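K.L.:
Provided herewith is a single structure, encoded as structure tokens, for subsequent inquiry.
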Amino acid sequence: MHKQAFPLCTHRLQLRPNMERTGQVCESGSSMVKHGLNPDKTFMQVHYLKGYFLLRFLASEVGDQQMTDFFRLFVKKYHGQLVLSQDFLQMFLITFPHMEGKGLTLSAIYADWLDRPGIPEWLRERSAVWSQARLVEEVKAEVVKWILSSRSHQAKGRKRKRTEPKVNYKELTADQLVMLLELLLEESELSVSSMRALQKAYGLQKQDAEVRHRWCELVVKHAYSQAYCDVEHFLVHDQAMGVYLYGELMVQEDPEQQALARRCLALVQEEMDQSARSVVEEMIL
């Protein structure tokens, strides 16, 4: 895992908003967050996004391989059981006792990550420095190339037959591709030819799940029907990560996209996790 800059929207994310009485807490310490959604992304679940940032932070503190080994131990110990976030965090701190010397305690994690909205300010400041790093600057330069190419091709396409734009792209790592696609998601328009060239240039349908998820978001946003097969493949084979995409397909109010969402649910509903299935059914049925 590589360190990643945190998007501005994270100031609204809160995992355990008990102090505002927006959640229900039982005696065990577990909680159910009511309406725990990011208002900018109607179907985005807060605990997925901020939880992702927390795990990335913990991995950066102990090392990628050590974190992977810890995940294996945790799954082996709790396989088939219902667990709380405190079970995970307590085992993490027991496994890595030197973290206490860095001020990383259970109460500190709760205070920084669960009880307050947003990414911890000290980590946001650190990420601001990282955002100027060479790898980030490389991505920003590539984004400019794709945007200019798309805009240029859109203008020319009104006058003559469209051709695939020629972009001298730079080879990027998986994390860089995630950032590239996230930045391109901020664009209101991308030409069909640019979408096709983007897919071909980076072999996006063959990348890891994080990259393919962002690619599918881009496909849905720009209604790039030639890659709807990539969206269907993701929803069928990466079910745990696909919940948000169902929401995107429905919120666009595009009949073809909505039909795609319903078709995918019909294909996998019998094997889906029950909680994920319930969320998706609320969206599309």
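Identifiers in this document derive from the order of the structure tokens: chains are assigned A, B, ..., residues are numbered from 1 separately in each chain, and ligands are numbered from 1 in order of occurrence.
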Could you list, as a list in words, every residue within 12 Å of A:His237, counting only C-alpha atoms and ignoring same-chain residues fewer than 2 positions away?

P.N.:
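Counting only C-alpha atoms, the residues come to Ala209, Arg212, His213, Asp230, Val231, Glu232, His233, Phe234, Leu235, Gln239, Ala240, Met241, Gly242, Cys264, Leu265, Leu267, Val268, Glu271 and Met272 of chain A.
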
K.L.:
Neighbours of stretch 182-187 of chain A within 9 Å (only C-alpha atoms; same-chain residues fewer than 4 positions away dropped), as a PyMOL selection string?

P.N.:
chain A and resi 140+143+146-147+177-178+214-215+217-218+221

K.L.:
Could you save those same residues with N, CA, C and O atoms as a short mmCIF file (atom, residue, chain, number, x, y, z; two decimals), in the first residue's frame?

P.N.:
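Wrote again12.cif, looks like this:
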```cif
data_model
loop_
_atom_site.label_atom_id
_atom_site.label_comp_id
_atom_site.auth_asym_id
_atom_site.auth_seq_id
_atom_site.Cartn_x
_atom_site.Cartn_y
_atom_site.Cartn_z
N LYS A 140 -0.89 14.19 -12.21
CA LYS A 140 -1.53 15.44 -12.59
C LYS A 140 -1.19 15.83 -14.02
O LYS A 140 -2.05 16.33 -14.77
N VAL A 143 -3.26 13.70 -16.34
CA VAL A 143 -4.66 14.14 -16.34
C VAL A 143 -4.84 15.31 -17.30
O VAL A 143 -5.78 15.35 -18.09
N TRP A 146 -4.99 14.09 -20.91
CA TRP A 146 -6.25 13.45 -21.29
C TRP A 146 -7.37 14.48 -21.42
O TRP A 146 -8.20 14.38 -22.33
N ILE A 147 -7.41 15.43 -20.54
CA ILE A 147 -8.47 16.45 -20.60
C ILE A 147 -8.33 17.30 -21.86
O ILE A 147 -9.31 17.54 -22.58
N LEU A 177 -2.94 5.05 -11.18
CA LEU A 177 -4.12 4.91 -12.03
C LEU A 177 -5.40 5.23 -11.27
O LEU A 177 -6.33 5.83 -11.81
N VAL A 178 -5.46 4.81 -10.00
CA VAL A 178 -6.62 5.15 -9.17
C VAL A 178 -6.78 6.67 -9.09
O VAL A 178 -7.87 7.21 -9.27
N ARG A 214 -12.85 2.31 -10.20
CA ARG A 214 -12.87 3.71 -10.67
C ARG A 214 -13.18 3.77 -12.16
O ARG A 214 -13.89 4.67 -12.61
N TRP A 215 -12.66 2.81 -12.91
CA TRP A 215 -12.96 2.77 -14.35
C TRP A 215 -14.46 2.58 -14.57
O TRP A 215 -15.06 3.26 -15.41
N GLU A 217 -16.85 3.46 -12.55
CA GLU A 217 -17.50 4.72 -12.21
C GLU A 217 -17.45 5.69 -13.38
O GLU A 217 -18.44 6.37 -13.69
N LEU A 218 -16.30 5.76 -14.04
CA LEU A 218 -16.13 6.66 -15.18
C LEU A 218 -17.04 6.23 -16.34
O LEU A 218 -17.66 7.06 -17.01
N LYS A 221 -20.64 7.22 -15.41
CA LYS A 221 -20.85 8.68 -15.44
C LYS A 221 -20.99 9.20 -16.86
O LYS A 221 -21.83 10.05 -17.15
#
```

K.L.:
Any idea what's packed within 9 Å of stretch 95-100 of chain A, counting only C-alpha atoms, ignoring anything in its chain fewer than 6 positions away? Could you give it as a PyMOL selection string?

P.N.:
chain A and resi 61-62+70

K.L.:
Work out how far atom CA of A:Ala266 is from atom CA of A:Tyr244, in Å to one decimal.

P.N.:
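Between atom CA of A:Tyr244 and atom CA of A:Ala266 the gap works out to 16.7 Å.
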
K.L.:
Stretch 116-260 of chain A: which residues are alpha helix (DSSP H) by DSSP, as a CSV table (one decimal) with N, CA, C and O atoms, in the first residue's frame?

P.N.:
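states_35.csv, written as the output of this step:
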```csv
chain,number,residue,atom,x,y,z
A,121,GLU,N,-6.7,15.8,11.6
A,121,GLU,CA,-6.0,17.0,11.0
A,121,GLU,C,-4.5,16.8,10.9
A,121,GLU,O,-4.0,17.2,9.8
A,122,TRP,N,-3.9,16.1,11.8
A,122,TRP,CA,-2.4,15.9,11.7
A,122,TRP,C,-2.1,15.0,10.5
A,122,TRP,O,-1.1,15.2,9.8
A,123,LEU,N,-3.0,14.1,10.1
A,123,LEU,CA,-2.8,13.2,9.0
A,123,LEU,C,-3.1,14.0,7.7
A,123,LEU,O,-2.4,13.8,6.7
A,124,ARG,N,-4.0,14.9,7.7
A,124,ARG,CA,-4.4,15.7,6.6
A,124,ARG,C,-3.2,16.6,6.2
A,124,ARG,O,-2.8,16.8,5.1
A,125,GLU,N,-2.5,17.1,7.3
A,125,GLU,CA,-1.3,18.0,7.1
A,125,GLU,C,-0.2,17.2,6.4
A,125,GLU,O,0.5,17.7,5.6
A,126,ARG,N,0.0,16.0,6.9
A,126,ARG,CA,1.0,15.1,6.4
A,126,ARG,C,0.7,14.8,4.9
A,126,ARG,O,1.6,14.8,4.1
A,127,SER,N,-0.5,14.5,4.6
A,127,SER,CA,-0.9,14.2,3.2
A,127,SER,C,-0.8,15.4,2.3
A,127,SER,O,-0.5,15.2,1.1
A,128,ALA,N,-0.9,16.6,2.8
A,128,ALA,CA,-0.7,17.8,2.0
A,128,ALA,C,0.7,17.9,1.5
A,128,ALA,O,1.0,18.3,0.4
A,129,VAL,N,1.7,17.5,2.3
A,129,VAL,CA,3.1,17.5,1.9
A,129,VAL,C,3.3,16.4,0.9
A,129,VAL,O,3.9,16.6,-0.2
A,130,TRP,N,2.7,15.2,1.1
A,130,TRP,CA,2.8,14.1,0.2
A,130,TRP,C,2.2,14.4,-1.2
A,130,TRP,O,2.7,14.0,-2.2
A,134,ARG,N,6.6,13.5,-6.4
A,134,ARG,CA,6.9,13.3,-7.8
A,134,ARG,C,5.8,12.4,-8.4
A,134,ARG,O,5.3,12.7,-9.5
A,135,LEU,N,5.4,11.3,-7.8
A,135,LEU,CA,4.4,10.4,-8.4
A,135,LEU,C,3.1,11.1,-8.6
A,135,LEU,O,2.4,10.8,-9.5
A,136,VAL,N,2.7,12.0,-7.6
A,136,VAL,CA,1.5,12.7,-7.7
A,136,VAL,C,1.5,13.7,-8.9
A,136,VAL,O,0.6,13.9,-9.7
A,137,GLU,N,2.7,14.4,-9.0
A,137,GLU,CA,2.8,15.4,-10.1
A,137,GLU,C,2.8,14.7,-11.4
A,137,GLU,O,2.3,15.2,-12.4
A,138,GLU,N,3.3,13.5,-11.5
A,138,GLU,CA,3.2,12.7,-12.7
A,138,GLU,C,1.8,12.4,-13.1
A,138,GLU,O,1.4,12.6,-14.3
A,139,VAL,N,1.0,12.1,-12.2
A,139,VAL,CA,-0.4,11.8,-12.4
A,139,VAL,C,-1.1,13.1,-12.9
A,139,VAL,O,-1.9,13.1,-13.9
A,140,LYS,N,-0.9,14.2,-12.2
A,140,LYS,CA,-1.5,15.4,-12.6
A,140,LYS,C,-1.2,15.8,-14.0
A,140,LYS,O,-2.1,16.3,-14.8
A,141,ALA,N,0.1,15.6,-14.4
A,141,ALA,CA,0.5,15.9,-15.8
A,141,ALA,C,-0.3,15.0,-16.8
A,141,ALA,O,-0.7,15.5,-17.9
A,142,GLU,N,-0.5,13.7,-16.4
A,142,GLU,CA,-1.2,12.8,-17.3
A,142,GLU,C,-2.7,13.3,-17.4
A,142,GLU,O,-3.3,13.2,-18.5
A,143,VAL,N,-3.3,13.7,-16.3
A,143,VAL,CA,-4.7,14.1,-16.3
A,143,VAL,C,-4.8,15.3,-17.3
A,143,VAL,O,-5.8,15.4,-18.1
A,144,VAL,N,-3.9,16.2,-17.3
A,144,VAL,CA,-4.0,17.4,-18.2
A,144,VAL,C,-4.0,16.9,-19.6
A,144,VAL,O,-4.7,17.4,-20.5
A,145,LYS,N,-3.1,16.0,-19.9
A,145,LYS,CA,-3.0,15.4,-21.3
A,145,LYS,C,-4.4,14.9,-21.8
A,145,LYS,O,-4.8,15.2,-22.9
A,146,TRP,N,-5.0,14.1,-20.9
A,146,TRP,CA,-6.2,13.5,-21.3
A,146,TRP,C,-7.4,14.5,-21.4
A,146,TRP,O,-8.2,14.4,-22.3
A,147,ILE,N,-7.4,15.4,-20.5
A,147,ILE,CA,-8.5,16.4,-20.6
A,147,ILE,C,-8.3,17.3,-21.9
A,147,ILE,O,-9.3,17.5,-22.6
A,148,LEU,N,-7.1,17.7,-22.1
A,148,LEU,CA,-6.9,18.6,-23.3
A,148,LEU,C,-7.2,17.8,-24.6
A,148,LEU,O,-7.8,18.3,-25.6
A,149,SER,N,-6.8,16.5,-24.6
A,149,SER,CA,-7.1,15.7,-25.8
A,149,SER,C,-8.6,15.5,-26.0
A,149,SER,O,-9.1,15.6,-27.1
A,150,SER,N,-9.3,15.3,-24.9
A,150,SER,CA,-10.7,15.1,-25.0
A,150,SER,C,-11.4,16.3,-25.5
A,150,SER,O,-12.3,16.3,-26.4
A,151,ARG,N,-11.0,17.5,-24.9
A,151,ARG,CA,-11.7,18.7,-25.4
A,151,ARG,C,-11.4,19.1,-26.8
A,151,ARG,O,-12.2,19.5,-27.6
A,152,SER,N,-10.1,18.8,-27.2
A,152,SER,CA,-9.7,19.1,-28.6
A,152,SER,C,-10.5,18.2,-29.5
A,152,SER,O,-11.0,18.6,-30.6
A,153,HIS,N,-10.6,16.9,-29.2
A,153,HIS,CA,-11.3,16.0,-30.0
A,153,HIS,C,-12.8,16.3,-30.1
A,153,HIS,O,-13.4,16.1,-31.2
A,154,GLN,N,-13.4,16.8,-29.0
A,154,GLN,CA,-14.8,17.1,-29.0
A,154,GLN,C,-15.0,18.3,-30.0
A,154,GLN,O,-16.0,18.3,-30.7
A,155,ALA,N,-14.1,19.2,-30.0
A,155,ALA,CA,-14.3,20.4,-30.9
A,155,ALA,C,-14.1,20.0,-32.4
A,155,ALA,O,-14.9,20.4,-33.2
A,156,LYS,N,-13.1,19.1,-32.6
A,156,LYS,CA,-12.9,18.7,-34.0
A,156,LYS,C,-14.0,17.7,-34.5
A,156,LYS,O,-14.3,17.7,-35.7
A,157,GLY,N,-14.6,17.0,-33.5
A,157,GLY,CA,-15.6,16.0,-33.9
A,157,GLY,C,-16.8,16.6,-34.5
A,157,GLY,O,-17.6,15.9,-35.2
A,174,ALA,N,-0.5,1.1,-10.2
A,174,ALA,CA,-1.9,0.9,-9.9
A,174,ALA,C,-2.5,2.1,-9.0
A,174,ALA,O,-3.6,2.6,-9.3
A,175,ASP,N,-1.7,2.5,-8.0
A,175,ASP,CA,-2.2,3.6,-7.2
A,175,ASP,C,-2.3,4.9,-8.0
A,175,ASP,O,-3.2,5.7,-7.8
A,176,GLN,N,-1.3,5.1,-8.9
A,176,GLN,CA,-1.4,6.3,-9.8
A,176,GLN,C,-2.6,6.2,-10.7
A,176,GLN,O,-3.2,7.3,-11.0
A,177,LEU,N,-2.9,5.1,-11.2
A,177,LEU,CA,-4.1,4.9,-12.0
A,177,LEU,C,-5.4,5.2,-11.3
A,177,LEU,O,-6.3,5.8,-11.8
A,178,VAL,N,-5.5,4.8,-10.0
A,178,VAL,CA,-6.6,5.1,-9.2
A,178,VAL,C,-6.8,6.7,-9.1
A,178,VAL,O,-7.9,7.2,-9.3
A,179,MET,N,-5.7,7.4,-8.8
A,179,MET,CA,-5.7,8.8,-8.7
A,179,MET,C,-6.1,9.4,-10.1
A,179,MET,O,-6.9,10.4,-10.1
A,180,LEU,N,-5.5,8.9,-11.2
A,180,LEU,CA,-5.8,9.5,-12.5
A,180,LEU,C,-7.3,9.4,-12.8
A,180,LEU,O,-8.0,10.4,-13.2
A,181,LEU,N,-7.9,8.2,-12.5
A,181,LEU,CA,-9.3,8.0,-12.8
A,181,LEU,C,-10.2,8.9,-11.9
A,181,LEU,O,-11.3,9.4,-12.3
A,182,GLU,N,-9.8,9.0,-10.6
A,182,GLU,CA,-10.6,9.9,-9.7
A,182,GLU,C,-10.6,11.3,-10.1
A,182,GLU,O,-11.6,12.0,-10.0
A,183,LEU,N,-9.4,11.8,-10.6
A,183,LEU,CA,-9.4,13.2,-11.1
A,183,LEU,C,-10.2,13.3,-12.4
A,183,LEU,O,-10.8,14.4,-12.6
A,184,LEU,N,-10.2,12.3,-13.2
A,184,LEU,CA,-10.9,12.4,-14.5
A,184,LEU,C,-12.4,12.4,-14.2
A,184,LEU,O,-13.3,12.9,-14.9
A,192,VAL,N,-16.1,10.1,-26.3
A,192,VAL,CA,-16.1,8.6,-26.5
A,192,VAL,C,-14.7,8.1,-26.9
A,192,VAL,O,-14.2,7.1,-26.4
A,193,SER,N,-14.1,8.8,-27.8
A,193,SER,CA,-12.8,8.4,-28.3
A,193,SER,C,-11.7,8.5,-27.2
A,193,SER,O,-10.9,7.6,-27.1
A,194,SER,N,-11.8,9.4,-26.3
A,194,SER,CA,-10.9,9.5,-25.2
A,194,SER,C,-11.1,8.4,-24.2
A,194,SER,O,-10.2,7.8,-23.7
A,195,MET,N,-12.4,8.0,-24.0
A,195,MET,CA,-12.7,6.9,-23.1
A,195,MET,C,-12.1,5.6,-23.7
A,195,MET,O,-11.5,4.8,-23.0
A,196,ARG,N,-12.3,5.4,-25.0
A,196,ARG,CA,-11.8,4.2,-25.7
A,196,ARG,C,-10.2,4.2,-25.6
A,196,ARG,O,-9.6,3.1,-25.3
A,197,ALA,N,-9.6,5.3,-25.8
A,197,ALA,CA,-8.1,5.4,-25.8
A,197,ALA,C,-7.6,5.2,-24.4
A,197,ALA,O,-6.6,4.5,-24.2
A,198,LEU,N,-8.3,5.7,-23.4
A,198,LEU,CA,-7.9,5.5,-22.0
A,198,LEU,C,-8.0,4.1,-21.6
A,198,LEU,O,-7.0,3.5,-21.0
A,199,GLN,N,-9.0,3.4,-22.0
A,199,GLN,CA,-9.2,2.0,-21.7
A,199,GLN,C,-8.0,1.1,-22.3
A,199,GLN,O,-7.4,0.3,-21.7
A,200,LYS,N,-7.7,1.5,-23.6
A,200,LYS,CA,-6.7,0.8,-24.3
A,200,LYS,C,-5.3,1.1,-23.8
A,200,LYS,O,-4.5,0.2,-23.7
A,201,ALA,N,-5.0,2.3,-23.5
A,201,ALA,CA,-3.7,2.7,-23.1
A,201,ALA,C,-3.2,2.0,-21.8
A,201,ALA,O,-2.1,1.6,-21.7
A,202,TYR,N,-4.2,1.9,-20.9
A,202,TYR,CA,-3.8,1.3,-19.5
A,202,TYR,C,-4.3,-0.1,-19.3
A,202,TYR,O,-4.1,-0.7,-18.2
A,209,ALA,N,-8.8,-4.6,-8.6
A,209,ALA,CA,-10.2,-4.2,-8.4
A,209,ALA,C,-10.3,-2.7,-8.1
A,209,ALA,O,-11.3,-2.1,-8.5
A,210,GLU,N,-9.3,-2.1,-7.4
A,210,GLU,CA,-9.5,-0.7,-7.1
A,210,GLU,C,-9.5,0.2,-8.3
A,210,GLU,O,-10.3,1.1,-8.5
A,211,VAL,N,-8.6,-0.2,-9.3
A,211,VAL,CA,-8.6,0.5,-10.5
A,211,VAL,C,-9.8,0.3,-11.3
A,211,VAL,O,-10.4,1.2,-11.9
A,212,ARG,N,-10.2,-1.0,-11.4
A,212,ARG,CA,-11.4,-1.3,-12.2
A,212,ARG,C,-12.7,-0.7,-11.7
A,212,ARG,O,-13.6,-0.3,-12.4
A,213,HIS,N,-12.7,-0.5,-10.3
A,213,HIS,CA,-13.9,0.1,-9.7
A,213,HIS,C,-14.0,1.6,-10.2
A,213,HIS,O,-15.1,2.1,-10.6
A,214,ARG,N,-12.9,2.3,-10.2
A,214,ARG,CA,-12.9,3.7,-10.7
A,214,ARG,C,-13.2,3.8,-12.2
A,214,ARG,O,-13.9,4.7,-12.6
A,215,TRP,N,-12.7,2.8,-12.9
A,215,TRP,CA,-13.0,2.8,-14.3
A,215,TRP,C,-14.5,2.6,-14.6
A,215,TRP,O,-15.1,3.3,-15.4
A,216,CYS,N,-15.1,1.7,-13.8
A,216,CYS,CA,-16.5,1.5,-13.9
A,216,CYS,C,-17.3,2.7,-13.6
A,216,CYS,O,-18.3,3.0,-14.2
A,217,GLU,N,-16.8,3.5,-12.6
A,217,GLU,CA,-17.5,4.7,-12.2
A,217,GLU,C,-17.5,5.7,-13.4
A,217,GLU,O,-18.4,6.4,-13.7
A,218,LEU,N,-16.3,5.8,-14.0
A,218,LEU,CA,-16.1,6.7,-15.2
A,218,LEU,C,-17.0,6.2,-16.3
A,218,LEU,O,-17.7,7.1,-17.0
A,219,VAL,N,-17.1,4.9,-16.6
A,219,VAL,CA,-18.0,4.4,-17.6
A,219,VAL,C,-19.4,4.8,-17.4
A,219,VAL,O,-20.1,5.2,-18.3
A,220,VAL,N,-19.9,4.6,-16.1
A,220,VAL,CA,-21.3,4.9,-15.8
A,220,VAL,C,-21.5,6.4,-15.9
A,220,VAL,O,-22.5,6.8,-16.5
A,221,LYS,N,-20.6,7.2,-15.4
A,221,LYS,CA,-20.9,8.7,-15.4
A,221,LYS,C,-21.0,9.2,-16.9
A,221,LYS,O,-21.8,10.1,-17.1
A,228,TYR,N,-19.8,-1.3,-20.9
A,228,TYR,CA,-20.8,-1.8,-19.9
A,228,TYR,C,-20.5,-3.2,-19.6
A,228,TYR,O,-20.8,-3.6,-18.5
A,229,CYS,N,-19.9,-3.9,-20.5
A,229,CYS,CA,-19.5,-5.3,-20.1
A,229,CYS,C,-18.5,-5.3,-19.0
A,229,CYS,O,-18.5,-6.3,-18.2
A,230,ASP,N,-17.6,-4.3,-18.9
A,230,ASP,CA,-16.7,-4.2,-17.8
A,230,ASP,C,-17.4,-4.0,-16.5
A,230,ASP,O,-17.0,-4.5,-15.4
A,231,VAL,N,-18.5,-3.2,-16.5
A,231,VAL,CA,-19.3,-2.9,-15.3
A,231,VAL,C,-20.0,-4.2,-14.9
A,231,VAL,O,-20.0,-4.6,-13.7
A,232,GLU,N,-20.6,-4.9,-15.8
A,232,GLU,CA,-21.2,-6.2,-15.5
A,232,GLU,C,-20.3,-7.2,-14.9
A,232,GLU,O,-20.6,-7.9,-13.9
A,233,HIS,N,-19.1,-7.3,-15.5
A,233,HIS,CA,-18.1,-8.2,-15.0
A,233,HIS,C,-17.7,-7.9,-13.5
A,233,HIS,O,-17.6,-8.8,-12.7
A,234,PHE,N,-17.6,-6.6,-13.3
A,234,PHE,CA,-17.2,-6.1,-11.9
A,234,PHE,C,-18.3,-6.5,-10.9
A,234,PHE,O,-18.0,-7.0,-9.8
A,235,LEU,N,-19.5,-6.2,-11.3
A,235,LEU,CA,-20.6,-6.5,-10.3
A,235,LEU,C,-20.8,-8.0,-10.1
A,235,LEU,O,-21.3,-8.3,-9.0
A,236,VAL,N,-20.5,-8.8,-11.0
A,236,VAL,CA,-20.7,-10.2,-10.9
A,236,VAL,C,-19.5,-10.8,-10.1
A,236,VAL,O,-19.7,-11.7,-9.2
A,237,HIS,N,-18.3,-10.4,-10.4
A,237,HIS,CA,-17.1,-11.0,-9.8
A,237,HIS,C,-16.5,-10.3,-8.7
A,237,HIS,O,-15.6,-10.8,-8.0
A,243,VAL,N,-21.4,-2.6,-4.5
A,243,VAL,CA,-22.7,-2.0,-4.0
A,243,VAL,C,-22.8,-0.6,-4.4
A,243,VAL,O,-23.9,-0.2,-4.9
A,244,TYR,N,-21.8,0.2,-4.3
A,244,TYR,CA,-21.8,1.6,-4.7
A,244,TYR,C,-22.2,1.8,-6.2
A,244,TYR,O,-22.9,2.7,-6.6
A,245,LEU,N,-21.7,0.9,-7.0
A,245,LEU,CA,-21.9,1.0,-8.5
A,245,LEU,C,-23.4,0.8,-8.8
A,245,LEU,O,-23.9,1.4,-9.7
A,246,TYR,N,-24.1,-0.1,-8.1
A,246,TYR,CA,-25.5,-0.2,-8.3
A,246,TYR,C,-26.2,1.1,-8.1
A,246,TYR,O,-27.1,1.5,-8.9
A,247,GLY,N,-25.8,1.8,-7.1
A,247,GLY,CA,-26.4,3.1,-6.8
A,247,GLY,C,-26.1,4.1,-8.0
A,247,GLY,O,-27.0,4.9,-8.4
A,248,GLU,N,-24.9,4.1,-8.4
A,248,GLU,CA,-24.6,5.0,-9.6
A,248,GLU,C,-25.4,4.7,-10.8
A,248,GLU,O,-25.8,5.6,-11.5
A,249,LEU,N,-25.5,3.4,-11.1
A,249,LEU,CA,-26.3,3.0,-12.2
A,249,LEU,C,-27.8,3.4,-12.2
A,249,LEU,O,-28.4,3.8,-13.2
A,250,MET,N,-28.3,3.4,-11.0
A,250,MET,CA,-29.7,3.8,-10.8
A,250,MET,C,-29.9,5.3,-10.8
A,250,MET,O,-30.9,5.8,-11.3
A,251,VAL,N,-29.0,6.0,-10.2
A,251,VAL,CA,-29.2,7.5,-10.0
A,251,VAL,C,-29.0,8.2,-11.3
A,251,VAL,O,-29.5,9.4,-11.4
A,255,PRO,N,-32.2,4.4,-18.7
A,255,PRO,CA,-32.9,3.1,-18.8
A,255,PRO,C,-31.9,1.9,-19.0
A,255,PRO,O,-32.1,0.8,-18.5
A,256,GLU,N,-31.0,2.1,-19.9
A,256,GLU,CA,-30.0,1.0,-20.2
A,256,GLU,C,-29.2,0.7,-19.0
A,256,GLU,O,-28.9,-0.5,-18.7
A,257,GLN,N,-28.7,1.7,-18.3
A,257,GLN,CA,-27.9,1.5,-17.1
A,257,GLN,C,-28.8,0.8,-16.0
A,257,GLN,O,-28.3,-0.1,-15.3
A,258,GLN,N,-30.0,1.2,-15.8
A,258,GLN,CA,-30.8,0.6,-14.8
A,258,GLN,C,-31.1,-0.8,-15.1
A,258,GLN,O,-31.2,-1.7,-14.2
A,259,ALA,N,-31.3,-1.1,-16.4
A,259,ALA,CA,-31.5,-2.5,-16.8
A,259,ALA,C,-30.3,-3.3,-16.5
A,259,ALA,O,-30.4,-4.5,-16.1
A,260,LEU,N,-29.1,-2.7,-16.7
A,260,LEU,CA,-27.9,-3.4,-16.4
A,260,LEU,C,-27.8,-3.8,-14.9
A,260,LEU,O,-27.4,-4.9,-14.6
```

K.L.:
Would you compute the distance between atom CA of A:Tyr110 and atom CA of A:Gln86? Give it in Å to one decimal.

P.N.:
9.1 Å

K.L.:
Measure the distance from atom CA of A:Glu281 to atom CA of A:Gln269 in Å and round it to one decimal.

P.N.:
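About the pair atom CA of A:Glu281 and atom CA of A:Gln269: they are 9.3 Å apart.
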
K.L.:
Which of these, A:Ala223, A:Ile109, A:Leu82, A:Leu172, has the shortest distance to A:Ser188 once you count only C-alpha atoms?

P.N.:
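With only C-alpha atoms as the atom set, the closest residue is A:Ala223.
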
K.L.:
Go through A:Leu285, A:Leu104, A:Ala227, A:Leu54 and flag the residue nearest A:Ala261, using only C-alpha atoms for the distances.

P.N.:
A:Leu285
